[in-house]
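Have a look at start11.cif below; it lists mmCIF, C-alpha atoms.
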data_structure
loop_
_atom_site.label_atom_id
_atom_site.label_comp_id
_atom_site.auth_asym_id
_atom_site.auth_seq_id
_atom_site.Cartn_x
_atom_site.Cartn_y
_atom_site.Cartn_z
CA MET A 1 -74.43 2.56 29.67
CA GLY A 2 -77.32 5.00 29.43
CA LEU A 3 -79.00 6.67 26.51
CA LYS A 4 -77.73 10.02 25.34
CA THR A 5 -80.27 12.64 24.30
CA ILE A 6 -80.16 14.08 20.79
CA LYS A 7 -82.35 17.01 19.75
CA ARG A 8 -83.63 17.18 16.21
CA SER A 9 -86.07 19.38 14.31
CA TRP A 10 -89.19 18.01 12.62
CA THR A 11 -87.67 19.32 9.37
CA ASP A 12 -84.81 16.80 9.79
CA ARG A 13 -85.42 14.23 7.04
CA ASN A 14 -83.75 11.34 8.93
CA ALA A 15 -85.77 11.98 12.11
CA ARG A 16 -89.04 12.07 10.14
CA ARG A 17 -88.08 8.87 8.29
CA SER A 18 -87.45 7.06 11.59
CA VAL A 19 -90.73 8.27 13.10
CA TYR A 20 -92.75 7.32 10.02
CA ARG A 21 -91.08 3.89 9.89
CA ILE A 22 -92.11 3.26 13.52
CA LEU A 23 -95.67 4.45 12.87
CA GLU A 24 -95.96 2.40 9.67
CA SER A 25 -94.74 -0.83 11.27
CA ASN A 26 -97.27 -0.67 14.13
CA VAL A 27 -101.05 -0.36 14.15
CA LEU A 28 -101.78 -0.18 17.89
CA CYS A 29 -100.94 2.59 20.30
CA SER A 30 -101.31 3.26 24.01
CA MET A 31 -103.06 6.53 24.78
CA SER A 32 -102.88 8.24 28.15
CA THR A 33 -105.38 10.86 29.30
CA ILE A 34 -106.00 12.55 32.63
CA THR A 35 -109.18 11.96 34.66
CA GLY A 36 -111.15 14.67 36.46
CA GLN A 37 -109.38 13.54 39.64
CA SER A 38 -105.95 14.14 37.99
CA LYS A 39 -105.29 10.39 37.70
CA PRO A 40 -103.86 8.74 34.58
CA HIS A 41 -106.06 6.62 32.32
CA ILE A 42 -104.63 4.41 29.57
CA ASN A 43 -106.41 3.04 26.54
CA ILE A 44 -105.19 0.96 23.60
CA GLY A 45 -106.47 1.56 20.09
CA TYR A 46 -105.76 1.30 16.39
CA PHE A 47 -104.41 4.47 14.85
CA ALA A 48 -103.77 6.01 11.46
CA TYR A 49 -101.59 9.01 10.70
CA THR A 50 -100.96 11.62 8.04
CA LYS A 51 -97.92 10.98 5.90
CA LYS A 52 -97.49 14.48 4.45
CA GLY A 53 -97.61 17.93 5.95
CA THR A 54 -98.45 18.28 9.63
CA LEU A 55 -98.20 15.04 11.62
CA GLU A 56 -101.64 14.04 12.92
CA LEU A 57 -102.80 10.75 14.40
CA PHE A 58 -106.42 9.60 14.21
CA TYR A 59 -108.26 6.90 16.10
CA LEU A 60 -111.85 5.74 16.44
CA SER A 61 -113.67 5.61 19.78
CA TYR A 62 -116.98 5.92 21.57
CA PRO A 63 -117.62 9.47 22.79
CA ASN A 64 -118.84 8.01 26.13
CA SER A 65 -115.61 6.09 26.82
CA HIS A 66 -113.47 7.14 29.79
CA HIS A 67 -110.68 8.55 27.65
CA SER A 68 -113.10 10.51 25.44
CA LYS A 69 -114.78 12.04 28.48
CA ASN A 70 -111.35 12.83 29.95
CA LEU A 71 -110.47 14.77 26.79
CA LEU A 72 -113.53 16.98 27.23
CA ARG A 73 -112.05 18.17 30.55
CA ASN A 74 -108.39 18.18 29.55
CA SER A 75 -107.21 17.77 25.96
CA SER A 76 -103.66 16.72 27.00
CA MET A 77 -102.69 13.27 25.78
CA GLY A 78 -99.62 11.07 25.53
CA ILE A 79 -99.30 8.28 22.97
CA ALA A 80 -96.75 5.45 22.79
CA VAL A 81 -96.20 3.36 19.65
CA TYR A 82 -93.82 0.39 19.60
CA GLY A 83 -93.64 -3.24 18.58
CA SER A 84 -94.25 -5.60 21.50
CA ASN A 85 -92.23 -8.31 19.78
CA GLN A 86 -88.90 -6.56 20.45
CA GLU A 87 -86.30 -8.37 22.53
CA TRP A 88 -84.38 -6.89 25.42
CA GLY A 89 -80.86 -5.98 24.33
CA GLY A 90 -81.82 -5.67 20.68
CA HIS A 91 -82.16 -2.61 18.48
CA ASP A 92 -85.25 -1.05 19.98
CA ARG A 93 -87.69 1.17 18.10
CA GLY A 94 -90.56 3.18 19.48
CA VAL A 95 -92.00 6.67 19.67
CA GLN A 96 -93.69 8.65 22.44
CA LEU A 97 -95.80 11.63 21.43
CA LEU A 98 -97.11 14.37 23.69
CA GLY A 99 -99.80 16.81 22.59
CA THR A 100 -103.50 17.49 22.53
CA CYS A 101 -106.47 15.53 21.28
CA GLN A 102 -110.10 16.23 20.56
CA GLU A 103 -112.99 14.84 18.59
CA ALA A 104 -112.55 15.42 14.86
CA LYS A 105 -115.58 17.30 13.59
CA GLY A 106 -116.69 18.53 10.19
CA ILE A 107 -113.96 18.48 7.57
CA LEU A 108 -111.48 16.98 10.07
CA SER A 109 -113.84 14.04 10.60
CA LYS A 110 -113.90 13.41 6.86
CA LYS A 111 -110.11 13.64 6.71
CA ALA A 112 -109.81 11.25 9.67
CA GLU A 113 -112.12 8.72 8.03
CA SER A 114 -110.19 8.94 4.77
CA VAL A 115 -106.79 8.45 6.46
CA TYR A 116 -108.11 5.69 8.73
CA GLY A 117 -109.96 3.92 5.90
CA ALA A 118 -106.84 4.00 3.72
CA ARG A 119 -104.83 2.26 6.45
CA PHE A 120 -107.52 -0.19 7.55
CA ARG A 121 -109.43 -1.50 4.55
CA LYS A 122 -111.57 -3.74 6.77
CA TYR A 123 -112.82 -0.60 8.53
CA ARG A 124 -114.45 0.55 5.30
CA GLU A 125 -116.22 -2.79 4.91
CA TRP A 126 -117.34 -2.71 8.55
CA ARG A 127 -118.51 0.90 8.26
CA LEU A 128 -120.77 0.08 5.31
CA LYS A 129 -122.87 -2.14 7.59
CA PHE A 130 -124.18 1.01 9.29
CA LYS A 131 -125.19 2.93 6.17
CA GLY A 132 -128.97 2.93 5.89
CA GLY A 133 -129.27 0.26 8.54
CA LYS A 134 -131.19 0.15 11.79
CA THR A 135 -128.04 0.25 13.90
CA ARG A 136 -126.74 3.75 14.61
CA PHE A 137 -123.03 4.43 14.17
CA GLU A 138 -121.92 5.83 17.52
CA TYR A 139 -118.15 5.88 17.08
CA ARG A 140 -116.31 9.15 16.52
CA PHE A 141 -112.90 9.97 15.16
CA TYR A 142 -110.40 11.76 17.35
CA ARG A 143 -107.46 13.84 16.14
CA PHE A 144 -104.21 13.88 18.09
CA ALA A 145 -101.83 16.78 17.37
CA PRO A 146 -98.34 16.11 18.76
CA LYS A 147 -96.30 19.02 20.08
CA LEU A 148 -93.28 16.97 21.16
CA LEU A 149 -92.09 13.49 20.32
CA MET A 150 -89.28 11.30 21.55
CA PHE A 151 -88.12 8.21 19.74
CA LEU A 152 -85.68 5.31 19.84
CA ASP A 153 -84.46 3.90 16.55
CA GLU A 154 -81.40 1.91 17.58
CA GLY A 155 -81.31 0.08 14.26
CA GLU A 156 -80.09 3.33 12.72
CA GLU A 157 -76.41 4.05 13.34
CA GLU A 158 -77.10 7.78 13.73
CA TYR A 159 -79.48 7.15 16.65
CA ARG A 160 -77.90 4.10 18.32
CA ASP A 161 -77.97 4.38 22.14
CA SER A 162 -79.88 7.66 21.85
CA LEU A 163 -83.23 9.13 22.77
CA VAL A 164 -84.13 11.59 20.04
CA VAL A 165 -86.26 14.57 21.10
CA VAL A 166 -88.19 16.43 18.41
CA PRO A 167 -90.40 19.46 19.05
CA ILE A 168 -93.20 19.88 16.51
CA LYS A 169 -94.47 23.36 15.80
#
Turn this file's structure into structure tokens for me.
Amino acid sequence: MGLKTIKRSWTDRNARRSVYRILESNVLCSMSTITGQSKPHINIGYFAYTKKGTLELFYLSYPNSHHSKNLLRNSSMGIAVYGSNQEWGGHDRGVQLLGTCQEAKGILSKKAESVYGARFRKYREWRLKFKGGKTRFEYRFYRFAPKLLMFLDEGEEEYRDSLVVVPIK
């Protein structure tokens, strides 16, 4: 038996609740970018996200990393978030997001640091080591803006055996 496809709007309260539950219960994501030779590149990183208003995901990375350099050429990105402890045949949960990503600068960088620091308290402690020190802080925040997401939330009766597709405007 295959999955049926259900389309929902981002304004659908139940769809948003499922997506936020998946994001909240996971801290790592897989990020896919495209190289200059049109080849895929995957990276894993910790992420934080906005809980109100427009959905945004933020992560921290070196600007000289492969995926960061890829984004300078092509801002397209795909992200997958799911728990790796799920068992085959169970009630699976996960979300795939497609959109664009770029370095968060100015006010967006401050927002990213606030959202990320609120989710990862140890980040704030770690970040303080660089203030006024001899070691330069070379990491940068990146902002991912999803345009389309697809999720599984088979623990919810409404979405059982379904792939839910949600465009985000």
Region 69-79 of chain A environment, 12 Å, all atoms listed in the file, sequence neighbours closer than 4 positions dropped, as a compact mmCIF listing (two decimals) with C-alpha atoms, keeping the file's coordinate frame:
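Just written: around_14.txt:
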# COMPACT_ATOMS: atom_id res chain seq x y z
CA LEU A 23 -95.67 4.45 12.87
CA LEU A 28 -101.78 -0.18 17.89
CA CYS A 29 -100.94 2.59 20.30
CA SER A 30 -101.31 3.26 24.01
CA MET A 31 -103.06 6.53 24.78
CA SER A 32 -102.88 8.24 28.15
CA THR A 33 -105.38 10.86 29.30
CA ILE A 34 -106.00 12.55 32.63
CA THR A 35 -109.18 11.96 34.66
CA GLY A 36 -111.15 14.67 36.46
CA GLN A 37 -109.38 13.54 39.64
CA SER A 38 -105.95 14.14 37.99
CA LYS A 39 -105.29 10.39 37.70
CA PRO A 40 -103.86 8.74 34.58
CA HIS A 41 -106.06 6.62 32.32
CA ILE A 42 -104.63 4.41 29.57
CA ASN A 43 -106.41 3.04 26.54
CA ILE A 44 -105.19 0.96 23.60
CA GLY A 45 -106.47 1.56 20.09
CA TYR A 46 -105.76 1.30 16.39
CA PHE A 47 -104.41 4.47 14.85
CA GLU A 56 -101.64 14.04 12.92
CA LEU A 57 -102.80 10.75 14.40
CA PHE A 58 -106.42 9.60 14.21
CA TYR A 59 -108.26 6.90 16.10
CA SER A 61 -113.67 5.61 19.78
CA TYR A 62 -116.98 5.92 21.57
CA PRO A 63 -117.62 9.47 22.79
CA ASN A 64 -118.84 8.01 26.13
CA SER A 65 -115.61 6.09 26.82
CA GLY A 94 -90.56 3.18 19.48
CA VAL A 95 -92.00 6.67 19.67
CA GLN A 96 -93.69 8.65 22.44
CA LEU A 97 -95.80 11.63 21.43
CA LEU A 98 -97.11 14.37 23.69
CA GLY A 99 -99.80 16.81 22.59
CA THR A 100 -103.50 17.49 22.53
CA CYS A 101 -106.47 15.53 21.28
CA GLN A 102 -110.10 16.23 20.56
CA GLU A 103 -112.99 14.84 18.59
CA TYR A 142 -110.40 11.76 17.35
CA ARG A 143 -107.46 13.84 16.14
CA PHE A 144 -104.21 13.88 18.09
CA ALA A 145 -101.83 16.78 17.37
CA PRO A 146 -98.34 16.11 18.76
CA LYS A 147 -96.30 19.02 20.08
CA LEU A 148 -93.28 16.97 21.16
CA LEU A 149 -92.09 13.49 20.32
CA MET A 150 -89.28 11.30 21.55
CA PHE A 151 -88.12 8.21 19.74
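For the structure shown here, the set of residues caught by the PyMOL selection byres ((chain A and resi 117) around 12) is Tyr46, Phe47, Ala48, Tyr49, Phe58, Tyr59, Leu60, Ser109, Lys110, Lys111, Ala112, Glu113, Ser114, Val115, Tyr116, Ala118, Arg119, Phe120, Arg121, Lys122, Tyr123, Arg124, Glu125, Trp126, Arg127, Leu128 and Phe141 of chain A.
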- Message: Please list as an MDAnalysis selection string every residue within 9 Å of Asp92 (chain A), counting all atoms listed in the file and excluding residues in the same chain fewer than 4 positions away.
- Response: chainID A and resid 82:83 86:88 152:155
- Could you state the separation of CA of Val19 (chain A) and CA of Lys105 (chain A) in Å, given to one decimal place? 26.4 Å
- Message: From (-95.4, 12.7, 4.4), in the file's coordinates, out to 12 Å: which residues are reached, counting all atoms listed in the file? Answer as a count of residues only.
- Response: 18
- Message: Considering only C-alpha atoms, can you say which of A:Asp161, A:Lys169, A:Gly89, A:Glu156 comes closest to Ala15 (chain A)?
- Response: A:Glu156
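CA of Ser9 (chain A) to CA of Val165 (chain A) spans 8.3 Å [interatomic distance, one decimal].
The nearest approach to Val27 (chain A) among the residues A:Val81, A:His67, A:Lys7, A:Ile168, with all atoms listed in the file taken into account, belongs to A:Val81.
Ranking A:Arg8, A:Ser18, A:Arg140, A:Ile107 by their shortest atom-to-atom distance to Pro167 (chain A), with only C-alpha atoms included, puts A:Arg8 first.
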- Query: Please, what distance in Å, to one decimal, runs between CA of Gly2 (chain A) and CA of Ala80 (chain A)?
  - Reply: 20.5 Å
- Query: So what does the PyMOL selection byres ((chain A and resi 162) around 6) actually pick up in this one, as JSON, numbers by chain?
  - Reply: {"A": [3, 4, 5, 159, 160, 161, 163]}
